[in-house]
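These notes concern the structure reproduced below.
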Amino acid sequence: MSIGPDGTRPFDGRPGTTRAQCEALDAADPLAGFRAEFTLPEKGVYLDGNSLGALPVRTPERVREVVEEEWGRELIRSWNDAGWFEQPYRLGGRIAPLVGAAAGEVVVCDTTSVNLFKVLAAALRLRPGRRTVLGDGAAFPTDLYIAEGVTGLVEGARSVLLPSAGADELERHLDDDVAAVVLSHVDYRTGELLDMATITAQVRAAGALMIWDVCHSVGALPVELGSCEADFAVGCTYKYLNGGPGSPAFLYVAERHQGAAEQPLSGWFGHARPFAFEPAYAPTGGIGRFLTSSPSLLGQAALGASLDVWERADLRAVRAKSLALTDLFISLVEPLDGVEVVTPREHHRRGSQVALRHRDGYPVVQALIERGVIGDFRAPDLMRFGFTPLYVSYAQVWDAAQQLAEVLESGEWRDERFGRRGAVT
């Protein structure tokens, strides 16, 4: 079943289902001006910002300044004069409002995997006598692998993977041996949003520590780590935050844990007196004790340029538009033959992506990409489409649904070339 050329079939009478209606929504969009802040394809629709965000237009100039001026001209003086040494703290302070954290509870450093290793090891040390780490068996693999690696280093510790991340499943497994629970705020496959407040309270009531992976929610919706009393969190900056490929990650440690928490990667940057060059390790106070080594300054420069944009964006407006865009896309694609919407319809259970199940999802996505509609695929059968409110328009959502309908109806995805899998899907 395809969408008619006038946009009124088979969705006649539903708000926002004609292209003209979508254009009207764009004209009234309070976030429309942010689109000019990003470098985007002249034609086509980019719906993969949940995997890699678009390039902010100011990023190349900021990186050039660091390379040519701070590094090229000022050289080593920039550790002091350009504030390189304090950059992890400064950027962490700018991310803190995006995740509902207080000043001094977030630091930018390393990668999501490395940071999860650090906070999970710290959590186990904070709960001596407890040896179980609970996680969602369907979580992003890095979370599972890191949990397996950390528990493998602690005698008697074990990683237990739950069949689902729901409160009922957690209740069956939360006992006095559980030290920590690691969950993704938004499911990377389906886009399902978990109830952070309820789950955190449930875990803490059992005496365990709650660690959240907010990679798929930071920059897509308001995150409230502080008010939910989360213990630890990790997140990346290259998805909705548009920090660029390989941009540094961040971690959150609630202030109440910072005095006692010990992380295992006791590197020079986390030392209380790094330039005393002492042979024994002594952790610095506060969030800085979770630093390990020299920051990736070029990546942090790019992230800083992106945060310049985010400091002018209203997260409530971002969330409202995200829900409207995903509502629109779901309404347009759910009647299509062979497609199953697996993303929750309820707003309180949805992140900022829509996942569609199709038995031949991979070649369908490749055919869409050739048409200029860029999404991605997750095995075994999920087509993912991310909706980034700062630069995706309502009319583009309509266009993407139209293109998907045409690809499915024409059967062009059956061409052999669309079935050849690259190293990255």
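Ligands are numbered from 1 in the order shown, chains are lettered A, B, ... in the order of the structure tokens, and residues start at 1 in each chain.
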
Practice task
Using DSSP on the backbone, list every residue of segment 129-233 of chain A that comes out as strand (DSSP E), and give them as a ChimeraX atom specification.
Solution key: /A:132-136,158-162,178-184,209-213,232-233

Distance table requested - segment 247-325 of chain A against segment 204-220 of chain A, cut-off 12 Å, only C-alpha atoms: one row per qualifying residue with the closest atom pair and its distance in Å to one decimal, ordered by chain and rising residue number, as JSON lines.
{"residue": "A:Pro248", "atom": "CA", "partner": "A:Cys215", "partner_atom": "CA", "distance": 12.0}
{"residue": "A:Ala249", "atom": "CA", "partner": "A:Cys215", "partner_atom": "CA", "distance": 9.1}
{"residue": "A:Phe250", "atom": "CA", "partner": "A:Cys215", "partner_atom": "CA", "distance": 9.7}
{"residue": "A:Leu251", "atom": "CA", "partner": "A:Asp213", "partner_atom": "CA", "distance": 9.4}
{"residue": "A:Tyr252", "atom": "CA", "partner": "A:Ile211", "partner_atom": "CA", "distance": 9.2}
{"residue": "A:Val253", "atom": "CA", "partner": "A:Ile211", "partner_atom": "CA", "distance": 9.4}
{"residue": "A:Ala254", "atom": "CA", "partner": "A:Ile211", "partner_atom": "CA", "distance": 10.6}
{"residue": "A:His257", "atom": "CA", "partner": "A:Leu209", "partner_atom": "CA", "distance": 10.5}
{"residue": "A:Ala261", "atom": "CA", "partner": "A:Leu209", "partner_atom": "CA", "distance": 11.9}
{"residue": "A:Ser306", "atom": "CA", "partner": "A:Gly219", "partner_atom": "CA", "distance": 11.0}
{"residue": "A:Leu307", "atom": "CA", "partner": "A:Gly219", "partner_atom": "CA", "distance": 10.2}
{"residue": "A:Val309", "atom": "CA", "partner": "A:Gly219", "partner_atom": "CA", "distance": 11.1}
{"residue": "A:Trp310", "atom": "CA", "partner": "A:Gly219", "partner_atom": "CA", "distance": 8.1}
{"residue": "A:Glu311", "atom": "CA", "partner": "A:Gly219", "partner_atom": "CA", "distance": 10.9}
{"residue": "A:Ala313", "atom": "CA", "partner": "A:Gly219", "partner_atom": "CA", "distance": 9.7}
{"residue": "A:Asp314", "atom": "CA", "partner": "A:Gly219", "partner_atom": "CA", "distance": 10.3}
{"residue": "A:Leu315", "atom": "CA", "partner": "A:Gly219", "partner_atom": "CA", "distance": 7.6}
{"residue": "A:Arg316", "atom": "CA", "partner": "A:Ala220", "partner_atom": "CA", "distance": 9.8}
{"residue": "A:Ala317", "atom": "CA", "partner": "A:Ala220", "partner_atom": "CA", "distance": 10.3}
{"residue": "A:Val318", "atom": "CA", "partner": "A:Ala220", "partner_atom": "CA", "distance": 6.8}
{"residue": "A:Arg319", "atom": "CA", "partner": "A:Ala220", "partner_atom": "CA", "distance": 6.5}
{"residue": "A:Ala320", "atom": "CA", "partner": "A:Ala220", "partner_atom": "CA", "distance": 10.1}
{"residue": "A:Lys321", "atom": "CA", "partner": "A:Ala220", "partner_atom": "CA", "distance": 9.9}
{"residue": "A:Ser322", "atom": "CA", "partner": "A:Ala220", "partner_atom": "CA", "distance": 7.4}
{"residue": "A:Leu323", "atom": "CA", "partner": "A:Ala220", "partner_atom": "CA", "distance": 10.0}

Could you take the residues named above and write them with N, CA, C and O atoms, as a tab-separated table (two decimals), in the first residue's frame?
chain	number	residue	atom	x	y	z
A	248	PRO	N	34.61	12.22	22.46
A	248	PRO	CA	34.75	11.63	23.79
A	248	PRO	C	33.42	11.39	24.47
A	248	PRO	O	32.42	12.07	24.19
A	249	ALA	N	33.43	10.44	25.37
A	249	ALA	CA	32.24	10.11	26.14
A	249	ALA	C	32.23	10.91	27.44
A	249	ALA	O	33.09	11.76	27.68
A	250	PHE	N	31.25	10.63	28.29
A	250	PHE	CA	31.20	11.28	29.61
A	250	PHE	C	30.70	10.29	30.63
A	250	PHE	O	30.13	9.24	30.30
A	251	LEU	N	30.94	10.59	31.87
A	251	LEU	CA	30.41	9.78	32.95
A	251	LEU	C	29.87	10.68	34.05
A	251	LEU	O	30.29	11.83	34.21
A	252	TYR	N	28.92	10.14	34.78
A	252	TYR	CA	28.27	10.83	35.90
A	252	TYR	C	28.46	10.01	37.16
A	252	TYR	O	28.28	8.78	37.16
A	253	VAL	N	28.84	10.68	38.21
A	253	VAL	CA	28.92	10.06	39.53
A	253	VAL	C	28.21	10.98	40.51
A	253	VAL	O	28.59	12.16	40.65
A	254	ALA	N	27.18	10.48	41.16
A	254	ALA	CA	26.45	11.30	42.13
A	254	ALA	C	27.42	11.80	43.20
A	254	ALA	O	28.32	11.07	43.65
A	257	HIS	N	28.69	9.81	46.24
A	257	HIS	CA	29.61	8.68	46.11
A	257	HIS	C	31.05	9.12	45.84
A	257	HIS	O	31.97	8.29	45.88
A	261	ALA	N	34.11	6.46	46.24
A	261	ALA	CA	34.21	5.66	45.02
A	261	ALA	C	35.66	5.56	44.56
A	261	ALA	O	36.39	6.56	44.51
A	306	SER	N	29.65	21.82	19.31
A	306	SER	CA	28.28	21.32	19.31
A	306	SER	C	27.51	21.78	20.54
A	306	SER	O	26.33	22.13	20.45
A	307	LEU	N	28.17	21.81	21.69
A	307	LEU	CA	27.49	22.25	22.91
A	307	LEU	C	27.11	23.73	22.84
A	307	LEU	O	26.17	24.16	23.52
A	309	VAL	N	25.64	24.96	20.41
A	309	VAL	CA	24.28	24.87	19.86
A	309	VAL	C	23.32	24.41	20.94
A	309	VAL	O	22.24	25.00	21.14
A	310	TRP	N	23.70	23.38	21.67
A	310	TRP	CA	22.79	22.82	22.67
A	310	TRP	C	22.47	23.78	23.80
A	310	TRP	O	21.39	23.71	24.40
A	311	GLU	N	23.37	24.69	24.09
A	311	GLU	CA	23.09	25.64	25.16
A	311	GLU	C	22.02	26.65	24.79
A	311	GLU	O	21.53	27.38	25.64
A	313	ALA	N	19.30	25.49	22.92
A	313	ALA	CA	18.13	24.68	22.61
A	313	ALA	C	17.33	24.38	23.87
A	313	ALA	O	17.89	24.13	24.93
A	314	ASP	N	16.01	24.41	23.73
A	314	ASP	CA	15.10	24.09	24.83
A	314	ASP	C	14.79	22.59	24.76
A	314	ASP	O	14.15	22.13	23.81
A	315	LEU	N	15.24	21.83	25.75
A	315	LEU	CA	15.04	20.38	25.71
A	315	LEU	C	13.57	19.99	25.73
A	315	LEU	O	13.18	18.96	25.19
A	316	ARG	N	12.74	20.83	26.33
A	316	ARG	CA	11.30	20.52	26.33
A	316	ARG	C	10.74	20.63	24.92
A	316	ARG	O	9.92	19.80	24.50
A	317	ALA	N	11.20	21.63	24.16
A	317	ALA	CA	10.76	21.76	22.78
A	317	ALA	C	11.33	20.62	21.93
A	317	ALA	O	10.66	20.12	21.02
A	318	VAL	N	12.56	20.22	22.21
A	318	VAL	CA	13.16	19.09	21.51
A	318	VAL	C	12.33	17.84	21.73
A	318	VAL	O	12.03	17.09	20.78
A	319	ARG	N	11.95	17.59	22.96
A	319	ARG	CA	11.17	16.39	23.27
A	319	ARG	C	9.79	16.45	22.60
A	319	ARG	O	9.31	15.44	22.05
A	320	ALA	N	9.15	17.59	22.65
A	320	ALA	CA	7.83	17.72	22.03
A	320	ALA	C	7.89	17.45	20.54
A	320	ALA	O	7.05	16.73	19.97
A	321	LYS	N	8.89	18.01	19.87
A	321	LYS	CA	9.01	17.78	18.43
A	321	LYS	C	9.40	16.34	18.13
A	321	LYS	O	8.91	15.75	17.16
A	322	SER	N	10.25	15.76	18.95
A	322	SER	CA	10.64	14.37	18.77
A	322	SER	C	9.41	13.46	18.77
A	322	SER	O	9.26	12.59	17.90
A	323	LEU	N	8.54	13.67	19.73
A	323	LEU	CA	7.33	12.85	19.81
A	323	LEU	C	6.41	13.09	18.61
A	323	LEU	O	5.80	12.16	18.08

Exercise for the section: Using only C-alpha atoms, pick whichever of A:Pro389, A:Gly338, A:Gly411, A:Gly135 has the shortest atom-to-atom distance to Ala367 of chain A. Expected result: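 Of A:Pro389, A:Gly338, A:Gly411, A:Gly135, the one nearest Ala367 of chain A, counting only C-alpha atoms, is A:Gly411.
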
Handout entry: All alpha helix (DSSP H) residues (DSSP, backbone) inside segment 380-414 of chain A, as a VMD selection string
Key = chain A and resid 394 to 410

Can you check which parts of segment 257-311 of chain A lie within 6 Å of segment 47-63 of chain A? Per residue, the shortest pair of atoms and distance in Å to one decimal, counting only C-alpha atoms, sorted by chain and number, as JSON lines.
{"residue": "A:Ala301", "atom": "CA", "partner": "A:Val63", "partner_atom": "CA", "distance": 5.8}
{"residue": "A:Ala302", "atom": "CA", "partner": "A:Thr59", "partner_atom": "CA", "distance": 5.4}
{"residue": "A:Ala305", "atom": "CA", "partner": "A:Thr59", "partner_atom": "CA", "distance": 5.3}
